[in-house]
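Take a look at the structure set out below.
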Amino acid sequence: MNETLTQNGNSSSATESRPVYIIDGARTPFIKARGKPGPFTPVDLAVQCGRSLLLRQPFRASDFDQVILGCVNVISKEMNPARIAALRLGMGVDMPAFTVQINCGSGMQSIDTAYKYIRSGESNLILAGGAEALSHAPLFFGQEAVAWFASLSRGALIDKIKKMFRFNPKYFKPEISLKHGLTDPIVDMNMGQTAEKLAYLFNITREQADQYAVSSHKRLHRAQQENFLANEVEPLFSRYGQLYENDDGVRPDSSLEKLAKLSPAFEPPYGKITAGNSSQITDGASWVILASEEAVKQYKLEPRAAIKDSEWSALDPSIMGLGPVLSSTAIMKRHNLSLDHIDLWEINEAFAAQVLACLKAWNDVEFCKNVLGLEQSMGEMDRDKLNVDGGAISMGHPVGTSGNRIVLHLMNAMHRLDKKQGIATECIGGGQAGAMLIERV
Amino acid sequence: MTINVLQKIEALDFNKSSYKSISEKTHWKILHDNDNVVRLLLDKKDSSTNTLSADVLQELDEILNNIEATLPHALVISSAKSGGFCAGADIKEFKNIDESGMIDILNRGHAVLDRLASLKIPTIAVIHGHCLGGGLELALACDQRIGVKNDLEIGFPEIKLGVHPGLGGTFRLTRLINPVDAMTMMLTGKSVYNGQAKKRGLIDDLVEQRHIENAVQAAISGDLKKHKHSFKSFILNISAARKFASKKMRVLSEKKAPSDHYPAPYALIDLWETFGGSIKKMQAEEVKSFARLLKSDTAQNLIRVFFLHQSLKSAAGNHSSIRHVHVIGAGSMGGDIAGWCAMQGLTVTLSDQKKEPIANAVKNTEKLCLEKHKSEIETRATLDRLIPDLQGKGVCKADLIIEAVPENIEIKQQLYQSIESKMKNGAILATNTSSILIGQLAESLENPARFMGLHFFNPVSKMLIVETIHHTHTSDDVMAQMLSFTRSIGKVPVTVASYPGFLVNRALTPYLLEAITIVEEGIDKKHVDAAAKKFGMPMGPIELADQIGLDVCVHVADMMADSLDKPMVKIPDSVRKKINNGELGKKSGQGFYRWKNGKAEHDGIVEQNLDDQITDRLILPMLDACVECRRKGVVKNIDHLDGAMIFATGFAPFRGGPIHYARARGIDDIVKTLDKFSHQYGDRFSPDPGWKDL
């Protein structure tokens with residue numbers, strides 16, 4: 001069955017469209033936000049790994065058709081970071097570039113958009129990435145404070161003086177945009193709370209979540225030790241001479257005992273979600289290069305993977321973490337695949353409990369029948385296929401970047417482990433999810 | 001290639017003005033517009049830059065004649081050259097002219113500018129790019145000045161030629177702006193850029209190119225306010241204030257340019273202090289003082305240095321097609337070369353086996369940008385262009401590869417073998433070796449024609465000279481490309497043949513070793529350094545050895561001792577011991593001196609009565625080595641030799657270079673002294689056979 005699928009490509013409308021390849025990709029190490037802005041802005045990060053990636057290509061930077069970059073927290077000095085990155089990478093003044101934003105799916109949205117441009121024949125060579133510097137998420141003052149500031153510049157002097165006295169000290173209590181960004185404005189729950197809800201609904205225990213987190217750290221540590229990330233992670237060099245070589249959030253000594261000591265971060269005292277079993281707040285960027293058959297021939301490229309399909313799904317924002325089940329299942333159904341057919345999985349680890357809820361959903365007959373419209377359960381996912389080299393819990397989740405990283409890493413891991421096809425998928429704040437099926441070339 | 005839209009649009013020239021009449025003189029274009037405004041465009045014939053030569057002034061005088069007669073509505077002076085307004089006087093006219101002849105020329109020039117200054121109509125100078133020396137004096141004679149944004153540079157660099165402004169600059173500038181600022185500008189020769197020029201009052205407005213016409217109209221109609229002379233400036237120009245400020249200026253100048261060697265700063269301070277109260281007197285005295293200074297040896301030698309610079313530069317083409325430089329080895333030299341090239345706009349890949357030296361190079365490049373007053377955007381762009389390249393991928397893409405790995409012939413040859421086949425067609429491979437013969441390194445190459453030496457000096461950001469070293473098989477095209485590359489990155493190339501130590505180290509090493517020997521004999525190191533500085537060297541040889549690194553000095557000296565005919569002094573064991581103890585000089589914090597924050601600690605006072613014999617023992621071996629290099633054809637052109645020594649070692653510029661100094665002092669005297677020393681101290685002093693050909 002697998003064979004026929006790979007020959008025919010998608011069973012849907014994509015059958016007649018052009019193949020789309022991933023040629024190469026690179027990312028920065030993910031650097032933990034340590035309470036103050038890190039040395040790199042989103043574009044700095046994108047430029048640093050982008051220039052190393054471009055350097056090793058046989059074509060020129062100006063040969064791309066366009067640049068697409070996912071970024072959620074765009075900083076005010078870098079509006080449309082995609083275009084700024086393209087210019088700073090020396091890709092030429094005539095390089096079109098745009099930024100996409102779908103929260104935690106932005107880095108995959110850029111790949112998907114590029115995929116569709118190439119599939120349809122509009123483009124041949126696209127640089128698609130994700131960049132995020134969560135440590136730069138700005139402090140800002142509330143609306144009331146802004147209104148007060150603005151009022152000071154209006155009216156006669158006496159009015160201004162009067163207005164001065166209307167100042168309320170709480171105006172100066174800065175609000176963290178990150179906190180806002182991670183809170184769903186529709187259901188008024190922060191992301192951690194949505195994970196609490198899933199943990200409750202699927203009866204995931206604190207211990208299971210912690211156990212998952214420990215394994216994430218162990219796997220990433222092993223990957224670093226064994227040099228699995230050698231061609232994927234390009235070191236960062238700051239202008240102050242600092243060198244960042246590895247994802248620095250990894251805790252090789254993580255253990256159940258240690259994690260058990262942490263208090264619930266979002267719903268104390270009874271909650272299950274802690275800082276230890278959640279993804280870390282980090283800065284990082286990632287790029288992949290997508291090419292058509294034509295570009296492959298023209299530049300004599302060696303494709304590493306082909307994108308076979310993609311899917312975006314949506315559901316109630318309060319259980320956003322379950323989204324990957326919907327989007328991945330849609331792809332699997334289209335291609336008549338079951339969990340077993342997929343050799344490797346990357347499910348972005350927003351929260352351990354959220355990943356575990358997804359697995360439990362697939363393994364539940366009722367859920368699979370009632371929600372996914374399947375005749376039976378998808379079954380138990382082999383954990384050895386899932387996030388084989390760790391994930392956002394151990395390396396962090398620069399939101400606009402993660403979706404890009406999981407596709408990149410899935411491709412590299414498939415080559416290392418000699419696997420044929422894999423799915424990368426992530427849940428998206430706001431109640432969405434994205435998934436992408438790729439095949440090793 | 002894609003279309004450069006901006007360039008195409010600019011070529012459309014929708015803003016072309018129409019004029020009632022256009023007439024052309026040799027160096028000036030005269031445009032009459034419909035509003036009876038006359039525009040004078042300076043367009044010096046057969047030259048890419050404008051200079052204010054005697055004939056340019058003569059023509060201006062004739063034009064002013066006409067303007068005085070017809071009295072148009074206003075007069076606007078600007079430049080037709082894209083590079084700038086006017087680079088200053090034509091320095092060629094300063095050579096071989098006697099004092100009274102100079103006074104005549106100056107008086108005629110003053111008369112023209114005075115005439116311009118006293119015109120009864122609004123006169124406006126529109127200044128773009130460089131506006132230096134005589135060019136600034138021309139602009140100062142106008143009622144108002146409008147600067148054009150982005151690359152405006154205004155200054156009086158005359159002091160660097162051993163003179164001060166001589167066409168009215170001294171009295172006009174001290175009257176226009178804060179006189180202490182004015183004096184500082186003239187004493188240091190440092191230019192003022194863009195916004196600073198407006199802030200100081202040198203220009204009345206700074207506008208974008210596209211707003212020049214509106215600004216000119218505003219100036220004509222009186223809407224553009226003139227820079228106002230502040231009360232503070234008025235006070236600073238009164239006699240007592242001038243006395244007080246002058247005293248301070250003399251002290252400061254003494255540190256930078258000692259009065260023994262450099263008379264011009266003190267003449268300028270005297271001029272302002274004594275005559276600053278009266279425009280008429282100051283003007284008359286400026287002329288006399290200028291002419292007096294110009295005939296001094298210092299000025300004539302500094303003018304010579306200016307021409308040496310020109311001559312070295314013009315040996316190179318001014319177009320380089322090198323866009324991507326790959327530097328191998330991120331040590332202090334490799335890292336600094338990479339940073340420098342990135343700052344000059346080139347794409348640079350920097351490779352090293354280790355990441356830390358690359359990180360360090362990135363940090364140093366940021367510092368370099370800061371030192372060079374680069375804006376945040378320029379700094380960021382520089383750092384973006386400096387690409388850490390741990391896998392050496394740049395080798396396949398670079399137009400030029402500069403190798404800066406440790407000084408070991410096997411390491412270098414192995415490296416060449418591993419990269420040569422990957423290099424792009426037409427790419428050039430250069431080594432920054434300071435001690436290995438280029439020909440020897442070339443032996444391992446498949447294609448030695450594209451291989452040569454490109455020897456930068458430490459610190460890269462300050463040293464102007466780069467030795468471009470060919471071996472017998474280096475192709476002429478590769479040499480020519482590297483000369484223009486060197487020029488394009490703001491350095492000055494000097495072509496030398498592959499010879500032990502090339503030119504600069506061949507000449508410098510005996511000087512450094514002799515200094516170490518004298519110290520070994522028991523003379524205080526500060527005394528030795530002071531003797532060299534008294535001669536005019538910017539830094540004493542012991543301090544310089546520390547700065548270069550004692551290990552590097554000894555390595556170069558050992559190599560030279562092995563390969564030169566002339567005997568070298570034995571390196572004292574105490575120095576080798578120092579090196580073994582890790583006392584390497586500046587880089588380790590301890591050498592002969594203790595180094596703190598990049599500066600040698602000078603404690604104690606040096607006695608003043610320095611012994612000339614020490615100076616000769618230091619300087620003459622250097623001159624002798626230069627003569628040897630000349631005799632052996634290491635450098636073809638004697639002027640290039642003098643220039644290289646000045647720009648690479650700081651060899652007392654006011655002495656005009658080693659060979660020039662030797663000739664001025666007398667070849668016989670030098671040979672006699674060397675002979676005497678060779679009996680006294682050994683064969684290393686025996687005069688080179690080449691002396692008799694000088």
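In the structure tokens, chains take letters A, B, ... by order of appearance, with residues numbered from 1 within each chain and ligands from 1 in the order shown.
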
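Every protein, DNA or RNA residue with an atom at most 6 Å from region 329-344 of chain A, where only C-alpha atoms count and chain neighbours fewer than 6 positions away do not, is listed here: Lys385, Lys419, Gln421 and Gly422 of chain A.
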
| request: Show which residues sit within 8 Å of region 289-300 of chain A, as a list in words. Count only C-alpha atoms, and ignore same-chain residues fewer than 5 positions away. | output: Arg18, Pro19, Val20, Tyr21, Ile22, Ile23, Asp24, Gly25, Pro58, Phe59, Ile111, Ala114, Tyr115, Ile118, Arg119, Ser123, Asn124, Leu125, Ile126, Leu127 and Ala128 of chain A

Dump as a short mmCIF file (atom, residue, chain, number, x, y, z; two decimals), in the first residue's frame, selection limited to C-alpha atoms:
data_model
loop_
_atom_site.label_atom_id
_atom_site.label_comp_id
_atom_site.auth_asym_id
_atom_site.auth_seq_id
_atom_site.Cartn_x
_atom_site.Cartn_y
_atom_site.Cartn_z
CA ARG A 18 4.24 19.25 -9.45
CA PRO A 19 6.42 17.54 -6.84
CA VAL A 20 7.90 19.75 -4.14
CA TYR A 21 11.21 18.98 -2.52
CA ILE A 22 13.00 20.07 0.60
CA ILE A 23 16.64 20.57 -0.30
CA ASP A 24 18.27 21.55 2.94
CA GLY A 25 17.62 23.46 6.13
CA PRO A 58 25.38 25.65 -5.10
CA PHE A 59 23.14 28.52 -6.23
CA ILE A 111 6.64 25.87 4.46
CA ALA A 114 5.88 27.76 -0.19
CA TYR A 115 4.82 24.18 -0.91
CA ILE A 118 5.74 25.50 -5.98
CA ARG A 119 3.13 22.79 -6.39
CA SER A 123 7.51 29.41 -7.95
CA ASN A 124 10.53 27.15 -8.20
CA LEU A 125 12.76 28.00 -5.28
CA ILE A 126 11.59 29.38 -1.94
CA LEU A 127 13.27 30.00 1.37
CA ALA A 128 10.76 29.31 4.13
#

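Those residues in region 101-137 of chain B carrying a DSSP assignment of helix (DSSP H, G or I), computed from the backbone, are Gly101, Met102, Ile103, Asp104, Ile105, Leu106, Asn107, Arg108, Gly109, His110, Ala111, Val112, Leu113, Asp114, Arg115, Leu116, Ala117, Gly134, Gly135, Leu136 and Glu137 of chain B.
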
Each residue of chain A with at least one atom at most 7 Å from chain B should appear once, together with its nearest atom pair and the corresponding distance in Å (one decimal); atoms considered: only C-alpha atoms; ordering: chain, then increasing residue number; output as CSV.
residue,atom,partner,partner_atom,distance
A:Leu55,CA,B:Lys393,CA,6.5
A:Arg56,CA,B:Lys393,CA,5.8
A:Arg88,CA,B:Asp384,CA,6.8
A:Phe237,CA,B:Ala359,CA,5.7
A:Arg239,CA,B:Lys363,CA,5.1
A:Tyr240,CA,B:Lys363,CA,4.9
A:Gly241,CA,B:Lys363,CA,4.4
A:Gln242,CA,B:Ala359,CA,6.4
A:Leu243,CA,B:Ala359,CA,6.1

Keeping only C-alpha atoms, take the residues you just selected and write them out as a PDB file, in the first residue's frame.
ATOM      1  CA  LEU A  55      26.584  29.525   1.964  1.00  0.00           C
ATOM      2  CA  ARG A  56      26.442  25.785   1.469  1.00  0.00           C
ATOM      3  CA  ARG A  88      20.154  41.370   5.292  1.00  0.00           C
ATOM      4  CA  PHE A 237      27.778  34.371  17.366  1.00  0.00           C
ATOM      5  CA  ARG A 239      28.399  40.859  18.536  1.00  0.00           C
ATOM      6  CA  TYR A 240      29.756  40.741  22.072  1.00  0.00           C
ATOM      7  CA  GLY A 241      31.742  37.596  21.301  1.00  0.00           C
ATOM      8  CA  GLN A 242      29.332  35.158  22.933  1.00  0.00           C
ATOM      9  CA  LEU A 243      29.021  31.789  21.263  1.00  0.00           C
TER      10      LEU A 243
END

Hey, what's within 7 Å of Cys358 (chain A) if we count only C-alpha atoms and toss same-chain stuff fewer than 4 positions away? As a tab-separated table (two decimals) with C-alpha atoms, in the first residue's frame, please?
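Just written: part06.tsv:
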chain	number	residue	atom	x	y	z
A	322	LEU	CA	-5.62	18.14	20.75
A	325	VAL	CA	-4.94	14.52	16.11
A	354	GLN	CA	-1.11	17.76	25.58
A	362	TRP	CA	-5.85	7.98	18.92

| request: Run DSSP on the backbone and give me the residues of region 271-366 of chain A it puts in strand (DSSP E), as a list of chain:residue names. | output: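 Assigned to strand (DSSP E), within region 271-366 of chain A: A:Thr282, A:Asp283, A:Gly284, A:Ala285, A:Ser286, A:Trp287, A:Val288, A:Ile289, A:Leu290, A:Ala291, A:Ser292, A:Ala305, A:Ala306, A:Ile307, A:Lys308, A:Asp309, A:Ser310, A:Glu311, A:Trp312, A:Ser313, A:Ala314, A:Leu344, A:Trp345, A:Glu346, A:Ile347.
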
| request: Work out how far CA of Ala131 (chain A) is from CA of Pro398 (chain A), in Å to one decimal. | output: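 Interatomic distance, CA of Pro398 (chain A) to CA of Ala131 (chain A): 7.4 Å.
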
| request: Calculate how many Å separate CA of Val112 (chain B) from CA of Lys20 (chain B), rounding to one decimal. | output: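 For CA of Val112 (chain B) relative to CA of Lys20 (chain B), the distance reads 26.4 Å.
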
| said: Please report the interatomic distance between CA of Val635 (chain B) and CA of Val496 (chain B) in Å with one decimal. | reply: 5.1 Å

Need the shell around region 33-39 of chain B: protein/DNA/RNA residues with any atom at most 6 Å away, counting only C-alpha atoms. Skip same-chain ones fewer than 5 positions apart. Format as a short mmCIF file (atom, residue, chain, number, x, y, z; two decimals) with N, CA and C atoms, in the first residue's frame?
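As a result, around.cif now contains:
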data_model
loop_
_atom_site.label_atom_id
_atom_site.label_comp_id
_atom_site.auth_asym_id
_atom_site.auth_seq_id
_atom_site.Cartn_x
_atom_site.Cartn_y
_atom_site.Cartn_z
N TYR B 19 18.23 76.30 -18.50
CA TYR B 19 18.93 77.56 -18.26
C TYR B 19 18.82 78.47 -19.47
N LYS B 20 18.90 79.73 -19.17
CA LYS B 20 18.81 80.71 -20.24
C LYS B 20 20.08 80.66 -21.09
N PRO B 72 23.97 89.99 -11.02
CA PRO B 72 22.76 89.15 -11.06
C PRO B 72 22.08 89.13 -9.69
N HIS B 73 20.97 88.41 -9.62
CA HIS B 73 20.19 88.35 -8.40
C HIS B 73 20.94 87.64 -7.28
N ALA B 74 21.67 86.56 -7.63
CA ALA B 74 22.44 85.82 -6.64
C ALA B 74 23.46 84.95 -7.34
N LEU B 75 24.44 84.47 -6.56
CA LEU B 75 25.48 83.61 -7.11
C LEU B 75 25.54 82.32 -6.30
N VAL B 76 25.46 81.20 -7.01
CA VAL B 76 25.51 79.90 -6.33
C VAL B 76 26.71 79.13 -6.86
N ILE B 77 27.58 78.69 -5.93
CA ILE B 77 28.78 77.95 -6.35
C ILE B 77 28.65 76.51 -5.91
#

| For Gly331 (chain B), the nearest of the candidates B:Asp624, B:Asp297, B:Glu208, B:Glu403, counting only C-alpha atoms |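 Counting only C-alpha atoms, the residue closest to Gly331 (chain B) is B:Glu403.
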
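Nearest to Phe228 (chain A) of all the residues A:Asp65, A:Glu426, A:Glu311, A:Asp389 is A:Asp389, based on only C-alpha atoms.
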
| request: Do a neighbour search on Leu445 (chain B) at 9 Å with only C-alpha atoms, toss out local chain neighbours closer than 4 positions, and write the hits as a PyMOL selection string. | output: chain B and resi 413+416-417+420+441+451

Please save N, CA and C atoms of the selected residues as a PDB file, in the first residue's frame.
ATOM      1  N   GLN B 413      51.046  24.202   3.458  1.00  0.00           N
ATOM      2  CA  GLN B 413      51.004  23.438   2.203  1.00  0.00           C
ATOM      3  C   GLN B 413      49.911  22.386   2.222  1.00  0.00           C
ATOM      4  N   TYR B 416      46.707  24.120   1.512  1.00  0.00           N
ATOM      5  CA  TYR B 416      46.555  24.468   0.096  1.00  0.00           C
ATOM      6  C   TYR B 416      46.099  23.256  -0.707  1.00  0.00           C
ATOM      7  N   GLN B 417      46.706  22.112  -0.368  1.00  0.00           N
ATOM      8  CA  GLN B 417      46.336  20.913  -1.115  1.00  0.00           C
ATOM      9  C   GLN B 417      44.872  20.562  -0.916  1.00  0.00           C
ATOM     10  N   GLU B 420      42.760  23.642  -2.899  1.00  0.00           N
ATOM     11  CA  GLU B 420      43.027  24.155  -4.247  1.00  0.00           C
ATOM     12  C   GLU B 420      42.006  23.658  -5.281  1.00  0.00           C
ATOM     13  N   LEU B 441      56.259  28.365  -0.657  1.00  0.00           N
ATOM     14  CA  LEU B 441      54.889  27.914  -0.428  1.00  0.00           C
ATOM     15  C   LEU B 441      54.207  27.523  -1.740  1.00  0.00           C
ATOM     16  N   PHE B 451      48.700  32.350  -7.054  1.00  0.00           N
ATOM     17  CA  PHE B 451      49.086  32.393  -5.643  1.00  0.00           C
ATOM     18  C   PHE B 451      50.064  33.530  -5.393  1.00  0.00           C
TER      19      PHE B 451
END

| With only C-alpha atoms as the atoms that count, which of A:Val441, A:Ala433, A:Leu256, A:Ile393 lies nearest to Ile319 (chain A)? |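 Counting only C-alpha atoms, the residue closest to Ile319 (chain A) is A:Ala433.
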
| message | Taking 5 positions as the minimum chain separation for residues in the same chain, which residues sit within 6 Å of Leu437 (chain A) when counting only C-alpha atoms? Answer as an MDAnalysis selection string. | response | chainID A and resid 308:309 422:423

Dump N, CA and C atoms for the selected residues as an mmCIF file, in the first residue's frame?
data_model
loop_
_atom_site.group_PDB
_atom_site.id
_atom_site.type_symbol
_atom_site.label_atom_id
_atom_site.label_comp_id
_atom_site.auth_asym_id
_atom_site.auth_seq_id
_atom_site.Cartn_x
_atom_site.Cartn_y
_atom_site.Cartn_z
ATOM 1 N N LYS A 308 4.480 15.653 0.772
ATOM 2 C CA LYS A 308 3.393 14.915 0.131
ATOM 3 C C LYS A 308 2.028 15.546 0.381
ATOM 4 N N ASP A 309 1.857 16.117 1.557
ATOM 5 C CA ASP A 309 0.526 16.643 1.865
ATOM 6 C C ASP A 309 0.610 17.529 3.115
ATOM 7 N N GLY A 422 7.182 10.455 7.262
ATOM 8 C CA GLY A 422 6.941 10.965 8.601
ATOM 9 C C GLY A 422 5.961 12.125 8.585
ATOM 10 N N ILE A 423 5.381 12.349 9.751
ATOM 11 C CA ILE A 423 4.467 13.490 9.891
ATOM 12 C C ILE A 423 5.001 14.422 10.961
#

| query | Which polymer residues have any atom within 8 Å of an atom of region 32-46 of chain A, counting only C-alpha atoms, with same-chain residues fewer than 4 positions away left out, as a VMD selection string? | reply | chain A and resid 28 50 71 74 to 75 78 81 to 82 84 to 85 129 to 137 236 238 247 to 249 280 to 287 396
